[in-house]
Every structure is written in C-alpha cells, then in structure tokens.
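Asker: Got a structure for you, target.txt, holding compact mmCIF, C-alpha atoms and all ligand atoms.
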# COMPACT_ATOMS: atom_id res chain seq x y z
CA MET A 1 -21.27 1.09 15.59
CA GLU A 2 -20.59 1.70 19.25
CA PHE A 3 -18.30 -1.23 19.95
CA LEU A 4 -16.22 -0.42 16.90
CA ASP A 5 -15.68 3.15 18.08
CA LYS A 6 -14.81 1.95 21.56
CA SER A 7 -11.85 -0.10 20.37
CA MET A 8 -10.35 2.27 17.81
CA GLY A 9 -6.68 1.53 17.27
CA ASP A 10 -6.79 -1.39 19.72
CA PRO A 11 -7.24 -4.82 18.08
CA ILE A 12 -7.23 -6.76 21.34
CA GLN A 13 -9.89 -4.52 22.86
CA TYR A 14 -11.80 -5.05 19.61
CA MET A 15 -11.75 -8.79 20.12
CA SER A 16 -13.04 -8.49 23.71
CA ASN A 17 -15.74 -6.08 22.62
CA VAL A 18 -16.84 -8.34 19.78
CA TYR A 19 -17.43 -11.18 22.22
CA GLY A 20 -19.10 -8.84 24.75
CA TYR A 21 -21.44 -7.26 22.21
CA GLY A 22 -22.08 -10.69 20.72
CA LEU A 23 -24.12 -11.40 23.87
CA LYS A 24 -26.46 -8.59 22.71
CA ASN A 25 -26.42 -9.87 19.13
CA GLU A 26 -24.48 -6.89 17.82
CA ARG A 27 -22.06 -7.96 15.13
CA PRO A 28 -19.16 -6.31 13.21
CA PRO A 29 -19.82 -5.13 9.64
CA PHE A 30 -18.64 -8.38 8.01
CA THR A 31 -16.70 -11.58 8.63
CA PHE A 32 -13.35 -11.95 10.39
CA LYS A 33 -12.40 -14.67 7.90
CA SER A 34 -9.77 -12.85 5.88
CA ASP A 35 -9.95 -15.53 3.17
CA ASP A 36 -13.58 -14.60 2.49
CA TRP A 37 -13.15 -10.84 2.05
CA GLU A 38 -12.21 -11.04 -1.61
CA ASP A 39 -15.23 -13.15 -2.60
CA LEU A 40 -17.64 -11.02 -0.57
CA ALA A 41 -16.29 -7.82 -2.13
CA LYS A 42 -16.49 -9.36 -5.61
CA GLU A 43 -20.24 -9.78 -5.21
CA ARG A 44 -20.60 -6.03 -4.63
CA MET A 45 -18.48 -4.63 -7.45
CA CYS A 46 -19.31 -3.75 -11.02
CA ALA A 47 -17.35 -5.61 -13.72
CA ASN A 48 -14.89 -2.77 -14.33
CA SER A 49 -13.92 -2.24 -10.68
CA LEU A 50 -13.76 -5.98 -10.11
CA GLY A 51 -11.50 -6.50 -13.11
CA TYR A 52 -9.34 -3.63 -11.93
CA ILE A 53 -8.75 -4.75 -8.34
CA CYS A 54 -8.32 -8.44 -9.17
CA GLY A 55 -6.31 -7.74 -12.29
CA ASN A 56 -2.83 -9.23 -12.55
CA ALA A 57 -0.20 -9.24 -15.25
CA GLY A 58 -0.46 -11.93 -17.95
CA THR A 59 -1.36 -15.37 -16.67
CA GLY A 60 -1.18 -14.28 -13.03
CA GLU A 61 1.86 -16.41 -12.26
CA THR A 62 3.70 -13.72 -10.26
CA SER A 63 0.61 -13.12 -8.18
CA ARG A 64 0.17 -16.85 -7.48
CA ASN A 65 3.85 -17.12 -6.56
CA ASN A 66 3.40 -14.24 -4.11
CA ARG A 67 0.81 -16.25 -2.21
CA SER A 68 2.37 -19.70 -2.39
CA ALA A 69 5.69 -18.37 -1.05
CA PHE A 70 4.07 -17.74 2.33
CA GLN A 71 3.00 -21.36 2.61
CA LYS A 72 6.58 -22.59 2.32
CA TRP A 73 7.41 -20.92 5.63
CA SER A 74 5.78 -22.00 8.88
CA ILE A 75 5.98 -20.55 12.37
CA THR A 76 7.42 -22.77 15.10
CA PRO A 77 5.90 -22.08 18.52
CA ASN A 78 7.96 -21.77 21.71
CA ARG A 79 6.42 -23.10 24.94
CA LEU A 80 6.57 -21.88 28.54
CA VAL A 81 7.72 -18.43 27.51
CA LYS A 82 6.87 -16.17 30.42
CA THR A 83 5.17 -13.08 29.10
CA GLU A 84 3.99 -9.89 30.71
CA GLY A 85 0.97 -9.54 28.46
CA TYR A 86 0.24 -9.46 24.78
CA PRO A 87 3.26 -9.11 22.47
CA SER A 88 4.39 -5.64 21.53
CA ILE A 89 3.90 -4.82 17.86
CA LYS A 90 5.43 -1.36 18.11
CA SER A 91 7.87 -0.64 15.32
CA LYS A 92 10.51 1.95 14.48
CA VAL A 93 10.93 2.86 10.84
CA LEU A 94 13.03 5.69 9.40
CA GLY A 95 13.68 6.87 12.94
CA GLN A 96 9.99 7.24 13.74
CA ASP A 97 8.04 5.21 16.31
CA PHE A 98 4.85 3.51 15.13
CA ALA A 99 2.11 1.72 17.06
CA THR A 100 2.06 -1.13 14.51
CA PRO A 101 4.28 -2.64 11.78
CA ILE A 102 1.79 -2.15 8.95
CA ALA A 103 0.98 0.65 6.52
CA VAL A 104 -1.82 1.18 4.04
CA ALA A 105 -0.34 0.59 0.55
CA PRO A 106 -0.77 3.31 -2.07
CA ILE A 107 -3.73 2.31 -4.20
CA GLY A 108 -5.09 4.57 -6.92
CA VAL A 109 -8.63 5.53 -7.94
CA GLN A 110 -10.26 4.47 -4.68
CA ARG A 111 -13.56 6.08 -5.59
CA ILE A 112 -14.23 3.30 -8.09
CA PHE A 113 -14.59 1.04 -5.05
CA HIS A 114 -16.67 3.26 -2.76
CA ASN A 115 -17.96 6.82 -3.01
CA ASP A 116 -15.92 7.88 0.02
CA GLY A 117 -12.72 6.50 -1.59
CA GLU A 118 -9.50 8.01 -0.26
CA ILE A 119 -11.32 10.00 2.42
CA ALA A 120 -12.58 6.81 4.07
CA VAL A 121 -9.16 5.15 3.87
CA ALA A 122 -7.26 8.21 5.15
CA LYS A 123 -9.62 8.46 8.13
CA ALA A 124 -9.50 4.74 8.93
CA ALA A 125 -5.70 4.70 8.75
CA ALA A 126 -5.49 7.60 11.22
CA CYS A 127 -7.98 5.92 13.59
CA GLU A 128 -6.04 2.64 13.53
CA LYS A 129 -2.67 4.46 13.91
CA VAL A 130 -1.40 3.06 10.62
CA PRO A 131 0.61 5.19 8.16
CA TYR A 132 -1.43 6.21 5.13
CA ILE A 133 0.22 6.27 1.69
CA TYR A 134 -1.51 8.55 -0.80
CA SER A 135 -1.21 7.57 -4.49
CA THR A 136 -0.41 9.96 -7.34
CA ALA A 137 -3.33 8.22 -9.09
CA ALA A 138 -5.80 9.12 -6.32
CA ALA A 139 -9.40 10.10 -7.02
CA THR A 140 -9.26 12.78 -4.29
CA SER A 141 -6.97 15.80 -4.07
CA ILE A 142 -3.93 15.55 -1.83
CA GLU A 143 -5.22 18.46 0.27
CA ASP A 144 -8.56 16.74 0.99
CA ALA A 145 -6.88 13.41 1.75
CA ALA A 146 -4.50 15.16 4.17
CA THR A 147 -7.38 16.87 5.95
CA ALA A 148 -9.17 13.52 6.32
CA ASN A 149 -5.99 11.94 7.70
CA GLY A 150 -5.71 14.70 10.37
CA ASP A 151 -2.79 14.08 12.70
CA GLY A 152 -2.09 10.60 11.27
CA THR A 153 1.26 9.76 9.66
CA ARG A 154 1.10 10.07 5.89
CA TRP A 155 3.52 9.39 3.08
CA TYR A 156 3.26 10.49 -0.51
CA GLN A 157 3.65 7.95 -3.35
CA LEU A 158 5.01 9.45 -6.53
CA TYR A 159 4.33 8.27 -10.05
CA TRP A 160 7.29 10.12 -11.41
CA PRO A 161 6.70 12.39 -14.44
CA SER A 162 9.43 12.32 -17.08
CA ASN A 163 12.25 14.85 -16.77
CA GLU A 164 10.64 17.25 -19.28
CA HIS A 165 7.89 17.70 -16.64
CA ASN A 166 10.19 18.46 -13.71
CA GLU A 167 8.22 21.61 -12.90
CA ILE A 168 5.12 19.48 -12.35
CA THR A 169 7.07 17.00 -10.21
CA LYS A 170 8.33 19.90 -8.09
CA SER A 171 4.81 21.14 -7.64
CA LEU A 172 3.56 17.69 -6.55
CA LEU A 173 6.39 17.37 -4.04
CA LYS A 174 5.77 20.86 -2.70
CA ARG A 175 2.07 20.15 -2.20
CA ALA A 176 2.86 16.88 -0.44
CA GLN A 177 5.31 18.60 1.86
CA GLU A 178 2.95 21.48 2.62
CA ASN A 179 0.23 19.00 3.52
CA GLY A 180 2.22 17.06 6.09
CA PHE A 181 3.39 14.05 4.05
CA SER A 182 6.59 13.08 5.84
CA ALA A 183 8.17 10.49 3.50
CA LEU A 184 8.35 10.13 -0.26
CA VAL A 185 7.61 6.71 -1.78
CA VAL A 186 8.78 6.48 -5.38
CA THR A 187 7.21 3.62 -7.33
CA LEU A 188 9.63 2.21 -9.88
CA ASP A 189 7.71 -0.69 -11.38
CA THR A 190 4.82 1.17 -13.03
CA TYR A 191 5.99 3.71 -15.59
CA LYS A 192 3.26 2.06 -17.66
CA LEU A 193 0.36 -0.09 -16.44
CA GLY A 194 1.03 -3.81 -17.01
CA TRP A 195 -0.47 -6.21 -19.57
CA ARG A 196 -3.63 -7.00 -17.63
CA PRO A 197 -6.07 -9.27 -19.45
CA SER A 198 -8.98 -8.46 -17.12
CA ASP A 199 -8.80 -4.72 -17.92
CA LEU A 200 -8.10 -5.42 -21.58
CA ASP A 201 -11.21 -7.62 -21.76
CA ASN A 202 -13.29 -4.85 -20.18
CA GLY A 203 -11.61 -2.16 -22.28
CA TYR A 204 -11.25 -0.34 -18.99
CA ASN A 205 -8.66 2.21 -17.91
CA PRO A 206 -10.00 4.34 -15.05
CA PHE A 207 -8.07 7.39 -16.22
CA LEU A 208 -9.72 7.73 -19.56
CA HIS A 209 -13.32 7.67 -18.39
CA ALA A 210 -15.55 10.71 -18.60
CA ASP A 211 -15.49 11.20 -14.85
CA THR A 212 -11.66 11.10 -15.04
CA ILE A 213 -11.58 9.59 -11.63
CA GLY A 214 -7.85 8.95 -11.27
CA ASN A 215 -6.80 12.46 -12.13
CA ALA A 216 -7.67 14.39 -8.99
CA LEU A 217 -4.08 15.24 -8.14
CA GLY A 218 -3.24 16.47 -11.64
CA PHE A 219 -6.45 18.37 -12.19
CA THR A 220 -5.93 20.29 -8.94
CA ASP A 221 -2.27 20.99 -9.63
CA PRO A 222 -1.56 24.68 -10.32
CA VAL A 223 1.43 24.00 -12.60
CA PHE A 224 -0.35 21.34 -14.69
CA ARG A 225 -3.44 23.57 -14.94
CA LYS A 226 -1.43 26.58 -16.08
CA LYS A 227 0.47 24.55 -18.70
CA PHE A 228 -2.75 23.02 -19.97
CA GLU A 229 -4.51 26.38 -20.30
CA ALA A 230 -1.54 27.94 -22.06
CA LYS A 231 -1.42 25.07 -24.55
CA HIS A 232 -5.16 24.69 -25.27
CA GLY A 233 -6.61 28.12 -24.48
CA LYS A 234 -9.22 26.25 -22.40
CA THR A 235 -9.52 25.13 -18.80
CA ILE A 236 -9.31 21.47 -17.84
CA GLU A 237 -13.03 21.49 -17.03
CA GLU A 238 -13.79 22.65 -20.56
CA ASN A 239 -11.73 19.87 -22.08
CA MET A 240 -11.80 16.94 -19.68
CA GLU A 241 -11.07 14.10 -22.08
CA VAL A 242 -7.97 15.74 -23.50
CA ALA A 243 -6.85 16.75 -20.02
CA ALA A 244 -7.26 13.16 -18.81
CA ARG A 245 -5.11 11.85 -21.65
CA GLU A 246 -2.45 14.49 -21.05
CA TRP A 247 -2.26 13.94 -17.30
CA THR A 248 -2.04 10.19 -17.85
CA SER A 249 0.86 10.68 -20.22
CA VAL A 250 2.57 12.93 -17.66
CA ILE A 251 2.50 10.38 -14.83
CA PHE A 252 2.87 7.29 -17.03
CA PRO A 253 5.51 8.52 -19.47
CA GLU A 254 6.23 5.00 -20.83
CA PHE A 255 9.95 5.28 -20.24
CA SER A 256 11.72 4.70 -16.99
CA HIS A 257 14.04 7.10 -15.21
CA SER A 258 17.65 6.28 -14.39
CA TRP A 259 19.43 5.94 -11.04
CA GLU A 260 21.11 9.30 -11.70
CA ASP A 261 17.70 11.03 -11.82
CA LEU A 262 17.18 10.29 -8.12
CA GLN A 263 19.39 13.27 -7.36
CA PHE A 264 16.59 15.55 -8.58
CA LEU A 265 14.19 14.06 -6.05
CA ARG A 266 16.77 14.39 -3.29
CA GLU A 267 17.17 18.07 -4.12
CA ASN A 268 13.45 18.69 -4.09
CA TRP A 269 12.29 16.55 -1.17
CA ASN A 270 13.10 17.37 2.39
CA GLY A 271 12.77 14.02 4.18
CA PRO A 272 13.19 10.28 3.75
CA ILE A 273 12.93 8.72 0.28
CA ILE A 274 11.75 5.13 -0.15
CA LEU A 275 11.96 3.20 -3.43
CA LYS A 276 8.97 0.91 -4.05
CA GLY A 277 9.26 -2.08 -6.35
CA ILE A 278 12.77 -3.37 -5.64
CA GLN A 279 13.10 -7.12 -6.38
CA SER A 280 16.80 -7.84 -6.80
CA VAL A 281 19.97 -7.70 -4.72
CA PRO A 282 21.88 -5.54 -7.26
CA ASP A 283 19.05 -2.97 -7.27
CA ALA A 284 18.89 -2.98 -3.48
CA LYS A 285 22.64 -2.33 -3.42
CA LYS A 286 22.24 0.51 -5.91
CA ALA A 287 19.61 2.04 -3.65
CA VAL A 288 22.05 1.90 -0.72
CA LYS A 289 24.77 3.47 -2.87
CA ALA A 290 22.37 6.22 -3.99
CA GLY A 291 21.86 7.16 -0.33
CA ILE A 292 18.20 6.13 -0.35
CA ASP A 293 16.60 5.76 3.10
CA GLY A 294 14.37 2.74 2.49
CA ILE A 295 13.15 0.21 -0.04
CA ILE A 296 9.84 -1.56 -0.41
CA VAL A 297 10.44 -5.07 -1.68
CA SER A 298 7.36 -5.34 -3.87
CA ASN A 299 6.24 -6.58 -7.26
CA HIS A 300 3.07 -4.50 -7.19
CA GLY A 301 1.02 -7.55 -6.19
CA GLY A 302 1.97 -9.28 -9.46
CA ARG A 303 0.06 -6.67 -11.47
CA GLN A 304 2.97 -5.42 -13.54
CA GLN A 305 5.13 -8.28 -14.75
CA ASP A 306 4.21 -11.91 -15.30
CA GLY A 307 6.46 -14.91 -14.77
CA GLY A 308 8.19 -13.30 -11.80
CA THR A 309 9.52 -14.59 -8.49
CA SER A 310 7.45 -14.12 -5.37
CA SER A 311 8.17 -10.90 -3.54
CA LEU A 312 8.76 -12.90 -0.33
CA ASP A 313 11.59 -14.91 -1.93
CA CYS A 314 13.13 -11.62 -3.06
CA LEU A 315 12.88 -10.29 0.49
CA VAL A 316 14.87 -13.25 1.82
CA LYS A 317 17.69 -12.69 -0.67
CA ILE A 318 17.79 -8.92 -0.26
CA GLN A 319 17.71 -9.08 3.52
CA LYS A 320 20.69 -11.47 3.55
CA ALA A 321 22.66 -9.28 1.18
CA ILE A 322 22.16 -5.84 2.64
CA SER A 323 20.61 -6.33 6.12
CA SER A 324 21.10 -3.13 8.10
CA ASP A 325 22.37 -0.83 5.35
CA ILE A 326 18.89 0.46 4.54
CA GLU A 327 15.35 0.21 5.94
CA ILE A 328 13.49 -2.72 4.29
CA LEU A 329 9.72 -2.69 3.91
CA PHE A 330 7.66 -5.32 2.11
CA ASP A 331 4.44 -5.93 0.20
CA SER A 332 2.72 -8.26 -2.27
CA GLY A 333 0.63 -11.14 -1.01
CA ILE A 334 -0.06 -10.24 2.63
CA ARG A 335 -3.50 -11.61 3.49
CA CYS A 336 -3.52 -12.48 7.21
CA GLY A 337 -1.73 -11.96 10.54
CA SER A 338 0.67 -14.88 10.14
CA ASP A 339 1.76 -13.53 6.72
CA ILE A 340 2.73 -10.28 8.47
CA ALA A 341 4.65 -12.23 11.13
CA LYS A 342 6.54 -14.21 8.46
CA ALA A 343 7.52 -11.12 6.45
CA LEU A 344 8.74 -9.40 9.62
CA ALA A 345 10.68 -12.52 10.66
CA LEU A 346 12.30 -12.56 7.22
CA GLY A 347 13.62 -9.04 7.67
CA ALA A 348 10.93 -6.49 6.81
CA LYS A 349 10.58 -3.61 9.27
CA MET A 350 7.07 -2.84 8.07
CA VAL A 351 4.63 -4.41 5.63
CA LEU A 352 2.11 -2.73 3.37
CA ILE A 353 -1.44 -4.02 3.26
CA GLY A 354 -2.78 -3.84 -0.29
CA ARG A 355 -5.93 -5.43 -1.71
CA PRO A 356 -7.45 -6.59 1.62
CA TYR A 357 -8.20 -3.04 2.78
CA ILE A 358 -9.84 -2.27 -0.56
CA TYR A 359 -12.13 -5.25 0.01
CA GLY A 360 -12.95 -3.65 3.38
CA LEU A 361 -13.63 -0.34 1.63
CA VAL A 362 -16.01 -2.04 -0.80
CA LEU A 363 -17.80 -3.85 2.00
CA GLY A 364 -18.15 -1.01 4.48
CA GLY A 365 -16.40 2.28 3.63
CA GLN A 366 -14.32 3.67 6.50
CA VAL A 367 -15.72 1.16 8.99
CA GLY A 368 -14.89 -1.68 6.62
CA VAL A 369 -11.28 -0.52 6.24
CA SER A 370 -10.98 -0.25 10.03
CA HIS A 371 -12.40 -3.74 10.44
CA VAL A 372 -9.83 -5.18 8.02
CA LEU A 373 -6.85 -3.39 9.60
CA ARG A 374 -7.91 -4.29 13.11
CA SER A 375 -8.60 -7.91 12.16
CA LEU A 376 -5.17 -8.30 10.56
CA LEU A 377 -3.47 -6.76 13.59
CA GLY A 378 -5.51 -8.78 16.09
CA ASP A 379 -4.67 -11.95 14.17
CA LEU A 380 -0.98 -10.96 14.16
CA ILE A 381 -0.90 -10.29 17.91
CA MET A 382 -2.67 -13.56 18.82
CA ASN A 383 -0.39 -15.54 16.50
CA LEU A 384 2.74 -14.09 18.10
CA HIS A 385 1.30 -14.53 21.58
CA LEU A 386 0.48 -18.20 21.06
CA ALA A 387 3.83 -18.85 19.40
CA GLY A 388 5.64 -17.52 22.48
CA ILE A 389 7.12 -14.56 20.60
CA PRO A 390 7.00 -11.59 22.99
CA SER A 391 7.63 -8.82 20.47
CA ILE A 392 8.38 -8.11 16.84
CA GLY A 393 11.91 -6.95 17.73
CA LYS A 394 14.68 -8.57 15.69
CA GLU A 395 15.98 -10.54 18.71
CA GLU A 396 12.61 -12.24 19.18
CA LEU A 397 11.04 -12.45 15.74
CA ASN A 398 13.55 -13.73 13.19
CA THR A 399 14.28 -16.74 10.98
CA ASP A 400 14.79 -18.92 14.07
CA CYS A 401 11.00 -18.71 14.53
CA LEU A 402 10.39 -20.20 11.07
CA GLN A 403 10.80 -23.48 9.23
CA TYR A 404 11.13 -23.71 5.47
CA GLU A 405 9.83 -26.52 3.31
CA SER A 406 10.08 -26.13 -0.43
C1 LIG B 501 -6.20 -1.58 -7.52
C2 LIG B 501 -4.76 -1.33 -7.19
C3 LIG B 501 -4.23 -0.09 -7.42
C4 LIG B 501 -2.89 0.18 -7.08
N1 LIG B 501 -2.41 1.45 -7.25
C5 LIG B 501 -1.14 1.72 -6.90
C6 LIG B 501 -0.66 3.04 -6.99
O1 LIG B 501 -1.36 3.95 -7.36
N2 LIG B 501 0.63 3.25 -6.64
C7 LIG B 501 1.47 2.25 -6.22
O2 LIG B 501 2.64 2.48 -5.92
N3 LIG B 501 1.01 0.99 -6.08
C8 LIG B 501 -0.28 0.71 -6.42
N4 LIG B 501 -0.76 -0.55 -6.25
C9 LIG B 501 0.13 -1.60 -5.68
C10 LIG B 501 0.04 -1.63 -4.14
O3 LIG B 501 0.61 -0.49 -3.57
C11 LIG B 501 0.74 -2.87 -3.58
O4 LIG B 501 2.08 -2.89 -4.03
C12 LIG B 501 0.06 -4.18 -3.96
O5 LIG B 501 -1.34 -4.03 -3.86
C13 LIG B 501 0.52 -5.31 -3.07
O6 LIG B 501 -0.02 -6.53 -3.50
P1 LIG B 501 -1.28 -7.23 -2.80
O7 LIG B 501 -2.42 -6.26 -2.86
O8 LIG B 501 -1.54 -8.42 -3.64
O9 LIG B 501 -0.88 -7.56 -1.39
C14 LIG B 501 -2.07 -0.85 -6.57
C15 LIG B 501 -2.62 -2.11 -6.33
C16 LIG B 501 -3.96 -2.36 -6.62
C17 LIG B 501 -4.50 -3.71 -6.31
O1 LIG B 502 -3.39 -0.42 -10.96
C1 LIG B 502 -2.29 -0.30 -10.40
O2 LIG B 502 -1.63 -1.27 -10.01
C2 LIG B 502 -1.76 1.02 -10.24
O3 LIG B 502 -0.66 1.17 -9.82
C3 LIG B 502 -2.56 2.16 -10.60
C4 LIG B 502 -2.05 3.06 -11.43
C5 LIG B 502 -2.84 4.11 -11.81
C6 LIG B 502 -4.10 4.26 -11.34
C7 LIG B 502 -4.60 3.37 -10.48
C8 LIG B 502 -3.84 2.31 -10.09
Show how you would write the structure in this file as structure tokens.

Answerer:
Amino acid sequence: MEFLDKSMGDPIQYMSNVYGYGLKNERPPFTFKSDDWEDLAKERMCANSLGYICGNAGTGETSRNNRSAFQKWSITPNRLVKTEGYPSIKSKVLGQDFATPIAVAPIGVQRIFHNDGEIAVAKAAACEKVPYIYSTAAATSIEDAATANGDGTRWYQLYWPSNEHNEITKSLLKRAQENGFSALVVTLDTYKLGWRPSDLDNGYNPFLHADTIGNALGFTDPVFRKKFEAKHGKTIEENMEVAAREWTSVIFPEFSHSWEDLQFLRENWNGPIILKGIQSVPDAKKAVKAGIDGIIVSNHGGRQQDGGTSSLDCLVKIQKAISSDIEILFDSGIRCGSDIAKALALGAKMVLIGRPYIYGLVLGGQVGVSHVLRSLLGDLIMNLHLAGIPSIGKEELNTDCLQYES
C-alpha cells in the first residue's frame, strides 16, 4: 500500500496521507477505531487462538480493573499554549534516545495469530522505530527475528529456567547478545501460566501441540539440543512431543527464583536488566537495592492472577515511592493514545503495547501491526497537541495535566 509505505515511522504524515489518498478512495487496511480492533480480530481467529489472546486469569477482575483505572484519570487541556509544531514524543530510556515512548510487548507464539508471526512484528517495529521485545516463548528463532528486525532496537524477554538449567539460560543470553538484543527483560509473574478458564475450556496450551509452535527458541538452542540427545538418544525432531514437554518444563519450572538469583543474570548479561511484572512498592525498592536498571509495572494484562489491583494504580504508588531511583516502564490495559499519555503523566518513561498489536497482526500481518502502532502514536500526538502539552518531558506531561475522580 503506497501511502502506508510513504509515511513509515511518521504518524502525522500517515494522517495527512490517509486524507489525501481518501480522495482517490484508497483506504488503510482496517479501521482507526481502536475500540473495534478486538472485535474485528475475534471474527478472524479460530477458537484456540481467540481463547488464548483474550484469556485472563479467573473471573477477569484484574483485567477489568486495568481498563477501568484509566477512566478515573482525565486529561485537562491548557489553552493558548504557543507551540512550534506538533508535540515531541521523543523519549530517553536507559540512556538511549528513542523516537517514541512505546515498545512492542513480548508476546509468545505469534504464529498462532498469523503465519508471519514474529517476523511480521519484528519488521513492523523496526519500520515504526519502536523497540521490539522478543519472547522466550516465540514461534520463531531468535536469529530469524533479529534478522527481520534489522537495525531496529530489540530487547530479549527471558522466561527464566530454574537454576539446575543455568547452562541453558547462559546459552539463551549468549544468543540474545550475539544477535543484537541490547536489554534483558526478565518476566517475574509467569513461572507458570495462570488459571485461565478460556484455555482450560478449550484444553489448549500452544506448547503441547504437535506443531510445538511456542518452542522455536528451545528447539534451536545448541545446549538444550545436546542435553536432549544425550538423555534420549534421539534428536528433538525424532521425538517432538517429549521435547515440547521438556522445553516447557525448562522455561516454566513452576517455582519462582529468589532476589539473590539475579546476581547470576548480572554476571551473564552485559547490558541493562529490566524486571517485568513489578506491582508493589516493596518489590520496586528491592529492585533498586539489587541494582536493577529498570522495572516494568505490569500484571501481564491480568492473565496471571485474578482479584488484583489495576497496574495503573500500582504505577501511581510506585512512582511516588521511588521516582528517579530506577527507570519505570508500564503495561497492562493500554488501548489508545490518551491511555499512553496518562501512563506517561503518571510516571512511566515508556509503555508497552500488548494485545492491540496482536489484533493488528491478525487483521493484516506486518501492515496491520504498523497500522496499529501508527494509529496509537498519531492519537497520542493529537491528544497532547490539543491539550496544549508541548512534549512528553516530565516538566510538561505530569500529574498536573490530570484530574482524578474515583
Ligand atoms: C497472548 C499473549 C501472550 C503473552 N506472552 C508473553 C510472553 O511471552 N512474555 C511476557 O513477558 N509477557 C507476555 N504477555 C504479556 C504482555 O507482555 C503484556 O504484559 C500484556 O499483554 C499487557 O496487557 P494488555 O495486552 O492487556 O495491554 C503476553 C500477553 C498476551 C496477551
Ligand atoms: O500467555 C501468556 O501470557 C504468556 O506469557 C505466554 C507464555 C508462554 C507462551 C505464550 C505466551
């Protein structure tokens, strides 16, 4: 689509082009209404993939809280603010400059949503100048995802094998480093997948299926392969079902690590370490004490634990308690541009986009992901512009821009 290519990485140009090409009846791949993406994508998915993406823990209370928290905050516009143009959404995180304040959240098994899976997402993220976070549960090898991401910024998300598998962890970290992943994101809330009624009803766990779609990283790992062959006298390809079960038990070992174990990651990772899944002030303080570079305030989109607080409410508390001691990122519940603005105003340096880009993937592969990212950013920029907020810098976008009503 010509007009899409012409505005790569530039949401405002995208908007102008959409109106221009509209005169010739050329339209983008699907709607700009972010509220409609989920329903449109639902119509295209098989029951298993649908249950998987929409799945939440238990009754879905945490997930609902994630969304309703945004509605308690509203943005107050300033008038007659002289501006030089559209607001700047450039951000600086972990000492690196970024064109935007969003990243693509790590999401596993992307090939259950579209054949191009991780390749499409890695390419779209690079085109839109958004950091790409590759999941340990990916359906594509880390080498292929890195190639697709080209000179984009990429981070590696670790599902952390138990200590008895430290040699495998080392191998994963080495591969990530060799393939240009500059930061390590360690997910702490998912040492076991949550109690998810939608997947339980479908009897569906993507790892255990014959095509073993979530095991690409493990099945291409030289250390895991060698261990497997030594134990079974067969290659992984000769014994896929057993290999799938074993790899799953390596990356989801059931039991959590301890704060002391972080030292091992520090010794084996040359670069920033970010802890994903922090929800409390004491844990945020422990992360600071452990010398961690950043935290992602996240509850995994409400997929892991039911009956929990909204991630946004946790952000407010954590930001107040530790402010500048550590870099704070955020996810869980971001669905539109004003949500991004609110999370940034409440102290996040960067927010991760989760399910919405998967809806884009379902609806249009790489182009669909680009459309979603660009729409969210365009919506963010116009919201800031019309609220008289000239940039996302702390001096201009902060709690003074918001009102709270419980
Ligand atoms: C289908 C799906 C798969 C996910 N896989 C991973 C994963 O492999 N690693 C991880 O750290 N988080 C994973 N997440 C959580 C996201 O990174 C992110 O925290 C969450 O999607 C944010 O919530 P939201 O999508 O409701 O905004 C997954 C989320 C979904 C919806
Ligand atoms: O479903 C998830 O939330 C998740 O984190 C995950 C874990 C393993 C494979 C795919 C997704």

Asker: Counting all atoms listed in the file, which residue out of A:His209, A:Lys170, A:Lys317, A:Arg27 sits closest to Ser280 (chain A)?

Answerer: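 Counting all atoms listed in the file, the residue closest to Ser280 (chain A) is A:Lys317.
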
Asker: Could the residues that lie within 7 Å of ligand LIG 501 (chain B), counting only C-alpha atoms and all ligand atoms, be listed as a PyMOL selection string?

Answerer: chain A and resi 52-54+63+105-108+135-138+157+187+276+298-302+331-335+353-356

Asker: Excluding region 28-42 of chain A and its own-chain neighbours fewer than 3 positions away, which residues fall within 12 Å of it when counting all atoms listed in the file? Please give them as a ChimeraX atom specification.

Answerer: /A:1-5,7,14-15,17-22,25,45-54,113-114,334-339,354-379

Asker: If you measure from CA of Asn56 (chain A) to CA of Pro131 (chain A), what distance in Å do you get, rounded to one decimal?

Answerer: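 Computed distance, CA of Asn56 (chain A) to CA of Pro131 (chain A), equals 25.5 Å.
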
Asker: Please measure the separation of CA of Pro272 (chain A) and CA of Ile296 (chain A), giving the value in Å to one decimal.

Answerer: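 Taking CA of Pro272 (chain A) as the start and CA of Ile296 (chain A) as the end point, the length is 13.0 Å.
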
Asker: Using all atoms listed in the file, determine which residues lie at most 8 Å from Ala176 (chain A), disregarding the query and same-chain residues fewer than 4 positions distant; provide the list as a list in words.

Answerer: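 The contact residues come out as Ile142, Tyr156, Leu172, Gly180 and Phe181 of chain A.
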
Asker: Quick one, how far is CA of Glu143 (chain A) from CA of Lys234 (chain A)?

Answerer: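 Computed distance, CA of Glu143 (chain A) to CA of Lys234 (chain A), equals 24.3 Å.
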
Asker: Within 7 Å of (4.2, -8.0, -20.0) in the file's own coordinates, which protein, DNA or RNA residues have an atom, counting all atoms listed in the file? List them as a list of chain:residue names.

Answerer: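 With a cut-off of 7 Å, the residues come to A:Ala57, A:Gly58, A:Gly194, A:Trp195, A:Gln305, A:Asp306.
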
Asker: Counting all atoms listed in the file, which of A:Asn163, A:Ser198, A:Ser88, A:Thr235 gets nearest to ligand LIG 502 (chain B)?

Answerer: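 Checking each candidate against ligand LIG 502 (chain B), we get A:Ser198 as the closest.
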
Asker: Up to 12 Å from (8.3, -13.0, 20.2) in the file's coordinates: name the residues, counting only C-alpha atoms, as number ranges by chain.

Answerer: A: 75-79, 81-89, 341-342, 344-345, 380-402

Asker: Restricting the calculation to only C-alpha atoms, which member of A:Ser171, A:Gln110, A:Thr59, A:Asn179 is positioned closest to Pro222 (chain A)?

Answerer: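 For Pro222 (chain A), the nearest of the candidates is A:Ser171.
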
Asker: Can you work out which one of A:Gln403, A:Ser310, A:Ser258, A:Thr248 has the shortest atom-to-atom distance to ligand LIG 502 (chain B), counting all atoms listed in the file?

Answerer: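 Checking each of A:Gln403, A:Ser310, A:Ser258, A:Thr248 against ligand LIG 502 (chain B), counting all atoms listed in the file, the winner is A:Thr248.
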
Asker: Check the smallest atom-to-atom distance from each of A:Arg154, A:Arg111, A:His232, A:Lys90 to ligand LIG 502 (chain B) using all atoms listed in the file, then report the winner.

Answerer: A:Arg111
